[in-house]
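Reviewing the structure listed below.
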Amino acid sequence: MQRPMKGKTPRRPAPKRPYNNQKDPVGVYCRVRPLSCDDEECCIEVISNTTIQLHAPDGLKANRNGEYKETQYSFKRVFGIKTTQIELFEDVAKPLVDDLIHGKNGLLFTYGVTGSGKTYTMTGSAGQGGLLPRSLDMIFNSIFPYQAKRFVFKPDDKNGMEVQNQVDALLERQKRDSQQAPPKTPITRQRLDPEFADMIRPDEACKADGVDEDSSYSVFVSYIEIYNNYIYDLLEDTPTDPLKAKWNSGGTPLKSNTEIIPPQSKILREDQNHNMYVAGCTEVEVKSTDEAFDVFWRGQKKRRIANTQLNRESSRSHSVFVVKLAQAPLDADGDNVLQDKAQVAVSQLCLVDLAGSERTSRTRAEGNRLREAGNINQSLMTLRTCIEVLRENQMCGTNKMVPYRDSKVTHFFKNYFDGEGKVRMVVCVNPKADDYEETLLVMRFAEMTQEVEVARPVDRPICGFTPGRRQRNQAFKDELSRRLEERGGPVDTGELPAVLNQLLQSLPPLPPAEIKDPSDDQTLPRLIEALERRQKLKQNIMEEYNKTANLLKMRLQDMDGNIVNKENYIHEQRGKLSEKDKLIQDQKVEIERLEKNSKMLEYKIDILQKTTNIYEEDKRTLQHELESREHRLHREMSDKKRMEARMQGMVQDAKHQWEKECERRVNAKQLEMQNKLWVKDEKLKQLKAIVTECKTPEPLSLRPPDKPQRPSREKDRVAAKRSHSPSPVPTGAPVRPHHRRSHSAGNERWVDHKPVTNVDLDTVLQPNLPNAIKVSTPSEKALSKCDKYVLTHQEVASDGEIQTKLIKGEVFKTRGGGQAVQFTDIETLKQENPTAPSRKRRSSEGHGQGDENAEGGWTDVENRCSVAVEMRAGSNLGPGYQHHGFQKRRKP
């Protein structure tokens with residue numbers, strides 16, 4: 001049986017919000033900062049309190065025709081260079097704070113290029129508080145009499161608030177007081193930031209109207225930054241790793257210094273009302289402006305700033321300071337907060353200081369600065385894209401999806417653009433000419449943002465209790481305390497004091513005093529007797545009392561005398577004490593001044609330390625890059641040297657080979673010319689022999705018709721050395737056999753490789769190798785001692801003759817330390833096999849059987865002169881001795 005599938009739990013629908021078709025446009029304000037130098041060129045002109053005009057600086061042509069292009073932009077209000085911080089606050093942030101106190105959300109952010117005054121507008125300086133401290137001051141000036149005690153409101157870690165009873169809140173306060181150490185110096189208005197001390201003058205304090213007196217309020221603040229598209233909590237206590245302690249120069253660990261664990265990024269989540277919040281973010285409950293601003297400055301010191309080409313302290317992240325106001329009505333008696341979570345209203349105001357958009361070509365950012373600038377520009381581009389899509393959906397009636405999730409900034413603030421509160425933007429611009437192009441893009445974005453409309457937030461419902469509960473309860477308490485003071489303290493009229501009861505019990509009891517009969521004469525005497533005893537007892541008591549009173553009076557007089565003496569002494573000591581107090585007061589003033597200077601120096605030291613750390617990081621990055629480049633350069637230089645050595649070796653090898661090739665070709669040409677001369681000499685010798693024979697004729701009848709004799713091979717051989725005009729060899733002189741001179745007969749040493757299977761030839765045409773190492777198998781030892789190599793190879797041709805090939809080559813050393821042979825020439829010798837019957841027909845076989853001494857017809861002068869001499873082109877050997885004789889065709 002198949003079990004039915006269990007359905008998923010449906011998502012809880014969002015609570016229905018009251019429908020409101022009223023919309024307000026995004027309020028965009030423009031603030032122009034003054035130029036840093038009076039002689040700088042200005043590209044912005046304030047025309048009116050709502051319009052500014054941009055004109056291109058000198059040297060920059062905005063149009064193609066070369067004319068200057070002037071553009072005007074309108075805002076809700078334009079603040080010039082003479083605008084004070086209080087004027088900016090009253091127009092921009094004061095309405096948002098008033099809405100916050102009345103339960104409505106608000107978003108205020110500053111936008112502009114780097115160095116345009118965004119941080120100054122949001123934070124301010126000493127004596128010139130910005131939007132953030134003035135907003136905090138207005139909140140606490142308005143709700144200070146109606147604040148609840150600490151820990152009455154408690155965050156539930158799900159973007160909501162819970163209400164605790166008085167007992168739980170008291171336990172929480174006692175737990176916090178026990179964990180916190182008491183301050184060393186009780187300073188009532190202690191500020192952790194001397195740089196921004198006394199930002200707001202008393203005459204500039206603001207207060208909201210229409211605060212609900214029948215509600216209790218609590219303020220919670222949180223401070224986050226969005227760095228490289230990651231969210232970090234700036235109020236989170238920096239955890240340390242106690243196992244990784246730092247060590248000093250003496251080799252001992254420092255007690256208070258341990259390695260700081262880097263902060264972990266936070267994630268965005270959606271609560272049950274589909275509002276975005278940062279999960280796990282620290283929310284601090286504050287009760288005054290000073291305490292709230294101290295919390296802000298504690299997180300401000302952790303914010304990431306860096307020194308760039310455009311700003312000495314440039315913000316490298318988007319900072320978001322969230323002020324959350326929790327309010328709940330009082331109960332019917334007007335004494336305690338109503339214990340109902342549904343009646344708790346939570347409103348929040350987000351004050352955002354966006355990082356400045358910048359071009360890396362101007363900042364010349366590298367490494368981490370380049371990565372930070374890329375993430376900043378990417379998040380700002382996503383903000384522009386969301387505004388463009390919202391504007392298109394509202395103006396064209398489309399329903400495109402707004403890409404809020406592409407950036408943490410837009411994802412966090414998407415509820416505000418969907419109608420959760422008012423949105424206002426302060427565009428800060430720098431009028432200098434160098435920022436003209438960036439300012440032009442900022443103006444276009446601001447102009448487009450003004451066209452986006454956001455739904456107007458609705459008022460929260462009013463509870464059904466009778467108004468004025470707090471005043472009535474307070475009036476009742478005041479009247480009760482007044483009456484108790486008039487009576488000298490709390491008196492219980494129902495019971496008598498214990499002393500009076502004890503005194504009454506010590507007196508004798510009264511007899512019954514009821515008279516039932518007129519003749520009763522006993523009751524009255526008994527009563528009179530009891531009263532007399534009581535009177536006597538009273539007199540005794542009075543006497544004892546008087547004695548005691550006198551004794552006490554004497555003692556009091558003595559004590560008064562002592563007291564007077566002591567008072568005189570105390571008066572003297574008070575005079576001395578006043579002098580000491582005056583001295584202490586002067587010392588306190590001096591200590592406060594020194595503490596202020598010390599904190600100022602600590603703040604500057606922190607800034608310098610951050611700058612130093614940034615410089616050291618940049619230095620390490622640059623040194624690492626320099627080392628890598630030097631290593632790469634050295635590697636390239638070594639590769640270049642190795643390539644040059646290789647190319648030189650190749651050039652030397654090619655040069656050597658070409659020298660040998662040229663020498664070989666020259667030798668071949670010389671041999672060719674010598675062969676031609678030898679052929680001519682042979683022809684001359686034959687002609688001379690014919691002429692000699694013709695000079696001694698015999699009778700024709702006695703001389704048979706003989707044919708010219710074939711010269712022997714010994715006569716045809718070429719001597720080792722001959723002149724250009726050799727003398728004719730006598731016919732009857734004996735021929736001396738000579739070895740065939742090989743081209744290897746130089747100063748080179750040869751390796752003569754002859755296999756054992758070679759057949760010795762009986763021809764005189766043998767290569768002569770005087771300086772040769774004869775081997776049957778080649779070896780590396782023999783090759784290392786010689787320059788030339790010859791291999792004798794024999795094979796039987798198809799006509800039965802033995803064909804001998806002399807394969808020659810050059811020996812050269814390899815790069816690996818061995819030897820290699822490069823073959824350059826082949827010589828071929830042929831001879832009839834002495835062991836086999838010759839199949840070659842004699843030349844005299846065709847002319848007669850009886851004439852044994854007769855030679856062939858090719859031995860006549862005409863045929864002998866037509867013998868072709870075959871020589872291998874480019875060979876180092878002499879003329880080849882493979883003679884191919886052919887009968888010259890006779891004319892018919």
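We name chains A, B, ... following the order of the structure tokens; residues begin at 1 in each chain, and ligands are numbered from 1 as shown.
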Residue neighbourhood Gln394 in chain A, 12 Å, only C-alpha atoms, exclusion window fewer than 5 positions, as a PDB file with N, CA and C atoms, in the first residue's frame:
```
ATOM      1  N   LYS A  23       1.388  58.188  -3.716  1.00  0.00           N
ATOM      2  CA  LYS A  23       2.819  57.980  -3.891  1.00  0.00           C
ATOM      3  C   LYS A  23       3.529  59.319  -3.865  1.00  0.00           C
ATOM      4  N   PRO A  25       7.389  61.115  -4.875  1.00  0.00           N
ATOM      5  CA  PRO A  25       8.663  60.885  -5.562  1.00  0.00           C
ATOM      6  C   PRO A  25       9.825  60.857  -4.582  1.00  0.00           C
ATOM      7  N   ILE A 387      17.060  51.559 -10.257  1.00  0.00           N
ATOM      8  CA  ILE A 387      16.295  52.801 -10.404  1.00  0.00           C
ATOM      9  C   ILE A 387      15.725  52.911 -11.818  1.00  0.00           C
ATOM     10  N   GLU A 388      16.527  52.529 -12.811  1.00  0.00           N
ATOM     11  CA  GLU A 388      16.058  52.596 -14.198  1.00  0.00           C
ATOM     12  C   GLU A 388      14.873  51.657 -14.425  1.00  0.00           C
ATOM     13  N   VAL A 389      14.957  50.433 -13.883  1.00  0.00           N
ATOM     14  CA  VAL A 389      13.862  49.475 -14.075  1.00  0.00           C
ATOM     15  C   VAL A 389      12.606  49.950 -13.342  1.00  0.00           C
ATOM     16  N   ASN A 399       6.144  45.380 -16.218  1.00  0.00           N
ATOM     17  CA  ASN A 399       6.288  44.636 -14.963  1.00  0.00           C
ATOM     18  C   ASN A 399       7.599  43.855 -14.969  1.00  0.00           C
ATOM     19  N   LYS A 400       8.673  44.550 -15.279  1.00  0.00           N
ATOM     20  CA  LYS A 400       9.977  43.899 -15.296  1.00  0.00           C
ATOM     21  C   LYS A 400      10.464  43.650 -13.879  1.00  0.00           C
ATOM     22  N   VAL A 402      12.901  43.805 -10.959  1.00  0.00           N
ATOM     23  CA  VAL A 402      13.968  44.717 -10.539  1.00  0.00           C
ATOM     24  C   VAL A 402      15.103  43.876  -9.963  1.00  0.00           C
ATOM     25  N   GLU A 451      12.359  60.817 -10.787  1.00  0.00           N
ATOM     26  CA  GLU A 451      11.147  60.392 -11.475  1.00  0.00           C
ATOM     27  C   GLU A 451      10.562  59.108 -10.910  1.00  0.00           C
ATOM     28  N   VAL A 452      11.261  58.461  -9.965  1.00  0.00           N
ATOM     29  CA  VAL A 452      10.756  57.233  -9.340  1.00  0.00           C
ATOM     30  C   VAL A 452       9.866  57.627  -8.164  1.00  0.00           C
ATOM     31  N   GLU A 453       8.703  57.003  -8.071  1.00  0.00           N
ATOM     32  CA  GLU A 453       7.752  57.283  -7.000  1.00  0.00           C
ATOM     33  C   GLU A 453       7.681  56.090  -6.060  1.00  0.00           C
ATOM     34  N   VAL A 454       7.577  56.403  -4.772  1.00  0.00           N
ATOM     35  CA  VAL A 454       7.508  55.388  -3.729  1.00  0.00           C
ATOM     36  C   VAL A 454       6.193  55.568  -2.984  1.00  0.00           C
ATOM     37  N   ALA A 455       5.537  54.448  -2.667  1.00  0.00           N
ATOM     38  CA  ALA A 455       4.253  54.510  -1.973  1.00  0.00           C
ATOM     39  C   ALA A 455       4.415  55.176  -0.610  1.00  0.00           C
TER      40      ALA A 455
END
```
For Asp406 in chain A, list every protein, DNA or RNA residue within 9 Å, evaluated using only C-alpha atoms, and leave out those in the same chain fewer than 5 positions away; present the list as a CSV table (one decimal) with N, CA, C and O atoms, in the first residue's frame.
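part-v1.csv, written as the output of this step:
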```
chain,number,residue,atom,x,y,z
A,379,SER,N,28.5,47.9,-7.4
A,379,SER,CA,27.3,48.0,-6.6
A,379,SER,C,26.5,49.3,-7.0
A,379,SER,O,25.3,49.3,-7.0
A,382,THR,N,24.6,48.7,-10.1
A,382,THR,CA,23.4,47.9,-9.8
A,382,THR,C,22.3,48.8,-9.3
A,382,THR,O,21.1,48.7,-9.6
A,411,HIS,N,19.7,44.9,-2.4
A,411,HIS,CA,18.9,43.9,-1.8
A,411,HIS,C,18.4,44.3,-0.3
A,411,HIS,O,17.3,44.0,0.1
```
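Between Glu90 in chain A and the candidates A:Glu479, A:Asp331, A:Asp520, A:Glu204, the tightest atom-to-atom separation, counting only C-alpha atoms, involves A:Glu204.
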From the DSSP assignment of the backbone, select every residue of range 461-708 of chain A that is alpha helix (DSSP H), and format the answer as a PyMOL selection string.
-> chain A and resi 469-486+498-506+523-695
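In the backbone-derived DSSP annotation, strand (DSSP E) within range 125-222 of chain A comprises Ser125, Gln128, Gly129, Phe153, Lys154, Pro155, Met161, Glu162, Val163, Ser215, Ser216, Tyr217, Ser218, Val219, Phe220, Val221 and Ser222 of chain A.
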Quote the spacing between CA of Asp335 in chain A and CA of Pro155 in chain A in Å to one decimal place.
->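 CA of Pro155 in chain A lies 22.3 Å from CA of Asp335 in chain A.
Checking A:Phe476, A:Tyr277, A:Phe812, A:Trp658 one by one against Val409 in chain A, counting only C-alpha atoms, you find the shortest gap at A:Tyr277.
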If you count only C-alpha atoms, which residues fall within 12 Å of Asp435 in chain A, apart from same-chain ones fewer than 2 positions away, as number ranges by chain?
-> A: 35, 40-44, 54-57, 112-116, 310, 356-359, 362, 428-433, 437-443
Go ahead and save the residues from that selection, with N, CA and C atoms, as a compact mmCIF listing (two decimals), in the first residue's frame.
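selection.txt, written as the output of this step:
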```
# COMPACT_ATOMS: atom_id res chain seq x y z
N LEU A 35 35.42 74.91 -3.30
CA LEU A 35 36.68 74.49 -3.88
C LEU A 35 37.77 74.52 -2.82
N GLU A 40 41.29 77.41 -8.48
CA GLU A 40 40.88 76.26 -9.30
C GLU A 40 39.72 76.65 -10.22
N GLU A 41 39.64 75.91 -11.33
CA GLU A 41 38.56 76.16 -12.28
C GLU A 41 37.28 75.49 -11.81
N CYS A 42 36.17 76.21 -11.87
CA CYS A 42 34.87 75.72 -11.41
C CYS A 42 34.00 75.40 -12.61
N CYS A 43 33.31 74.25 -12.55
CA CYS A 43 32.46 73.83 -13.67
C CYS A 43 30.98 73.77 -13.28
N ILE A 44 30.61 74.23 -12.05
CA ILE A 44 29.21 74.19 -11.59
C ILE A 44 28.83 75.59 -11.12
N LEU A 54 25.85 73.09 -15.34
CA LEU A 54 27.18 72.54 -15.57
C LEU A 54 27.70 73.03 -16.90
N HIS A 55 28.93 73.46 -16.92
CA HIS A 55 29.57 73.85 -18.18
C HIS A 55 30.94 73.18 -18.25
N ALA A 56 31.28 72.79 -19.46
CA ALA A 56 32.52 72.03 -19.66
C ALA A 56 33.73 72.91 -19.35
N PRO A 57 34.77 72.37 -18.75
CA PRO A 57 35.96 73.17 -18.47
C PRO A 57 36.75 73.47 -19.74
N GLY A 112 27.69 60.39 -4.56
CA GLY A 112 28.58 61.30 -5.28
C GLY A 112 29.92 60.65 -5.54
N VAL A 113 30.78 61.41 -6.21
CA VAL A 113 32.10 60.90 -6.54
C VAL A 113 33.00 61.02 -5.31
N THR A 114 34.17 60.43 -5.39
CA THR A 114 35.12 60.48 -4.29
C THR A 114 35.58 61.91 -4.05
N GLY A 115 35.56 62.33 -2.78
CA GLY A 115 36.01 63.67 -2.42
C GLY A 115 34.98 64.75 -2.60
N SER A 116 33.70 64.39 -2.71
CA SER A 116 32.65 65.39 -2.92
C SER A 116 31.99 65.83 -1.61
N LEU A 310 42.74 60.55 -5.01
CA LEU A 310 41.70 61.58 -4.99
C LEU A 310 41.32 62.00 -3.59
N GLY A 356 32.35 56.48 -2.75
CA GLY A 356 32.37 57.31 -3.96
C GLY A 356 32.72 56.52 -5.20
N SER A 357 32.01 56.81 -6.27
CA SER A 357 32.35 56.22 -7.56
C SER A 357 33.62 56.89 -8.09
N GLU A 358 34.48 56.10 -8.71
CA GLU A 358 35.76 56.64 -9.17
C GLU A 358 36.24 55.83 -10.37
N ARG A 359 37.03 56.48 -11.17
CA ARG A 359 37.65 55.82 -12.31
C ARG A 359 39.06 55.42 -11.94
N ARG A 362 42.10 57.47 -12.97
CA ARG A 362 42.48 58.65 -12.19
C ARG A 362 43.11 58.28 -10.86
N CYS A 428 26.09 64.88 -3.49
CA CYS A 428 27.20 65.77 -3.18
C CYS A 428 28.09 65.89 -4.41
N VAL A 429 28.42 67.12 -4.78
CA VAL A 429 29.22 67.35 -5.99
C VAL A 429 30.39 68.26 -5.63
N ASN A 430 31.47 68.03 -6.36
CA ASN A 430 32.67 68.86 -6.25
C ASN A 430 32.78 69.70 -7.52
N PRO A 431 32.79 71.02 -7.42
CA PRO A 431 32.74 71.84 -8.64
C PRO A 431 34.04 71.94 -9.40
N LYS A 432 35.10 71.24 -9.00
CA LYS A 432 36.36 71.39 -9.71
C LYS A 432 36.27 70.73 -11.09
N ALA A 433 37.11 71.22 -12.00
CA ALA A 433 37.02 70.81 -13.40
C ALA A 433 37.44 69.36 -13.62
N GLU A 437 33.44 65.02 -15.75
CA GLU A 437 32.82 63.88 -16.42
C GLU A 437 32.09 62.99 -15.41
N GLU A 438 32.71 62.73 -14.24
CA GLU A 438 32.01 61.94 -13.22
C GLU A 438 30.78 62.67 -12.69
N THR A 439 30.91 63.99 -12.50
CA THR A 439 29.77 64.77 -12.01
C THR A 439 28.62 64.74 -13.01
N LEU A 440 28.93 64.73 -14.28
CA LEU A 440 27.88 64.67 -15.31
C LEU A 440 27.09 63.37 -15.20
N LEU A 441 27.78 62.25 -14.95
CA LEU A 441 27.07 60.98 -14.77
C LEU A 441 26.23 60.98 -13.49
N VAL A 442 26.74 61.59 -12.43
CA VAL A 442 25.98 61.67 -11.18
C VAL A 442 24.72 62.50 -11.37
N MET A 443 24.81 63.58 -12.11
CA MET A 443 23.64 64.43 -12.35
C MET A 443 22.57 63.68 -13.14
```
Pick from A:Val423, A:Thr410, A:Asn228, A:Glu285, whichever lies nearest to Met381 in chain A using only C-alpha atoms |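 That would be A:Thr410, the residue with the smallest distance to Met381 in chain A.
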Distance in Å - CA of Leu601 in chain A versus CA of Lys582 in chain A =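 About the pair CA of Leu601 in chain A and CA of Lys582 in chain A: they are 28.2 Å apart.
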Would you work out the distance separating CA of Leu583 in chain A from CA of Glu602 in chain A, expressed in Å to one decimal?
-> 27.7 Å
Within 9 Å of Gln264 in chain A, counting only C-alpha atoms, which residues qualify if same-chain residues fewer than 6 places away don't, as a VMD selection string?
-> chain A and resid 231 to 233
I need the residues from that last selection saved to file as a compact mmCIF listing (two decimals), in the first residue's frame (with N, CA, C and O atoms), if you can.
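What ended up in out-v6.txt:
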```
# COMPACT_ATOMS: atom_id res chain seq x y z
N ILE A 231 28.80 41.76 3.83
CA ILE A 231 28.27 42.56 4.92
C ILE A 231 29.03 42.20 6.20
O ILE A 231 29.14 41.01 6.55
N TYR A 232 29.56 43.22 6.89
CA TYR A 232 30.30 43.02 8.13
C TYR A 232 29.67 43.89 9.22
O TYR A 232 29.25 45.02 8.97
N ASP A 233 29.63 43.33 10.44
CA ASP A 233 29.08 44.03 11.60
C ASP A 233 30.20 44.82 12.27
O ASP A 233 31.16 44.23 12.78
```
With distances taken over only C-alpha atoms, which of A:Ala342, A:Ala355, A:Leu235, A:Val821 is nearest to Arg298 in chain A?
-> A:Leu235
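Compared by their closest atoms to Tyr603 in chain A, and using only C-alpha atoms, the residues A:Lys149, A:Arg526, A:Trp297, A:Ser36 rank with A:Trp297 nearest.
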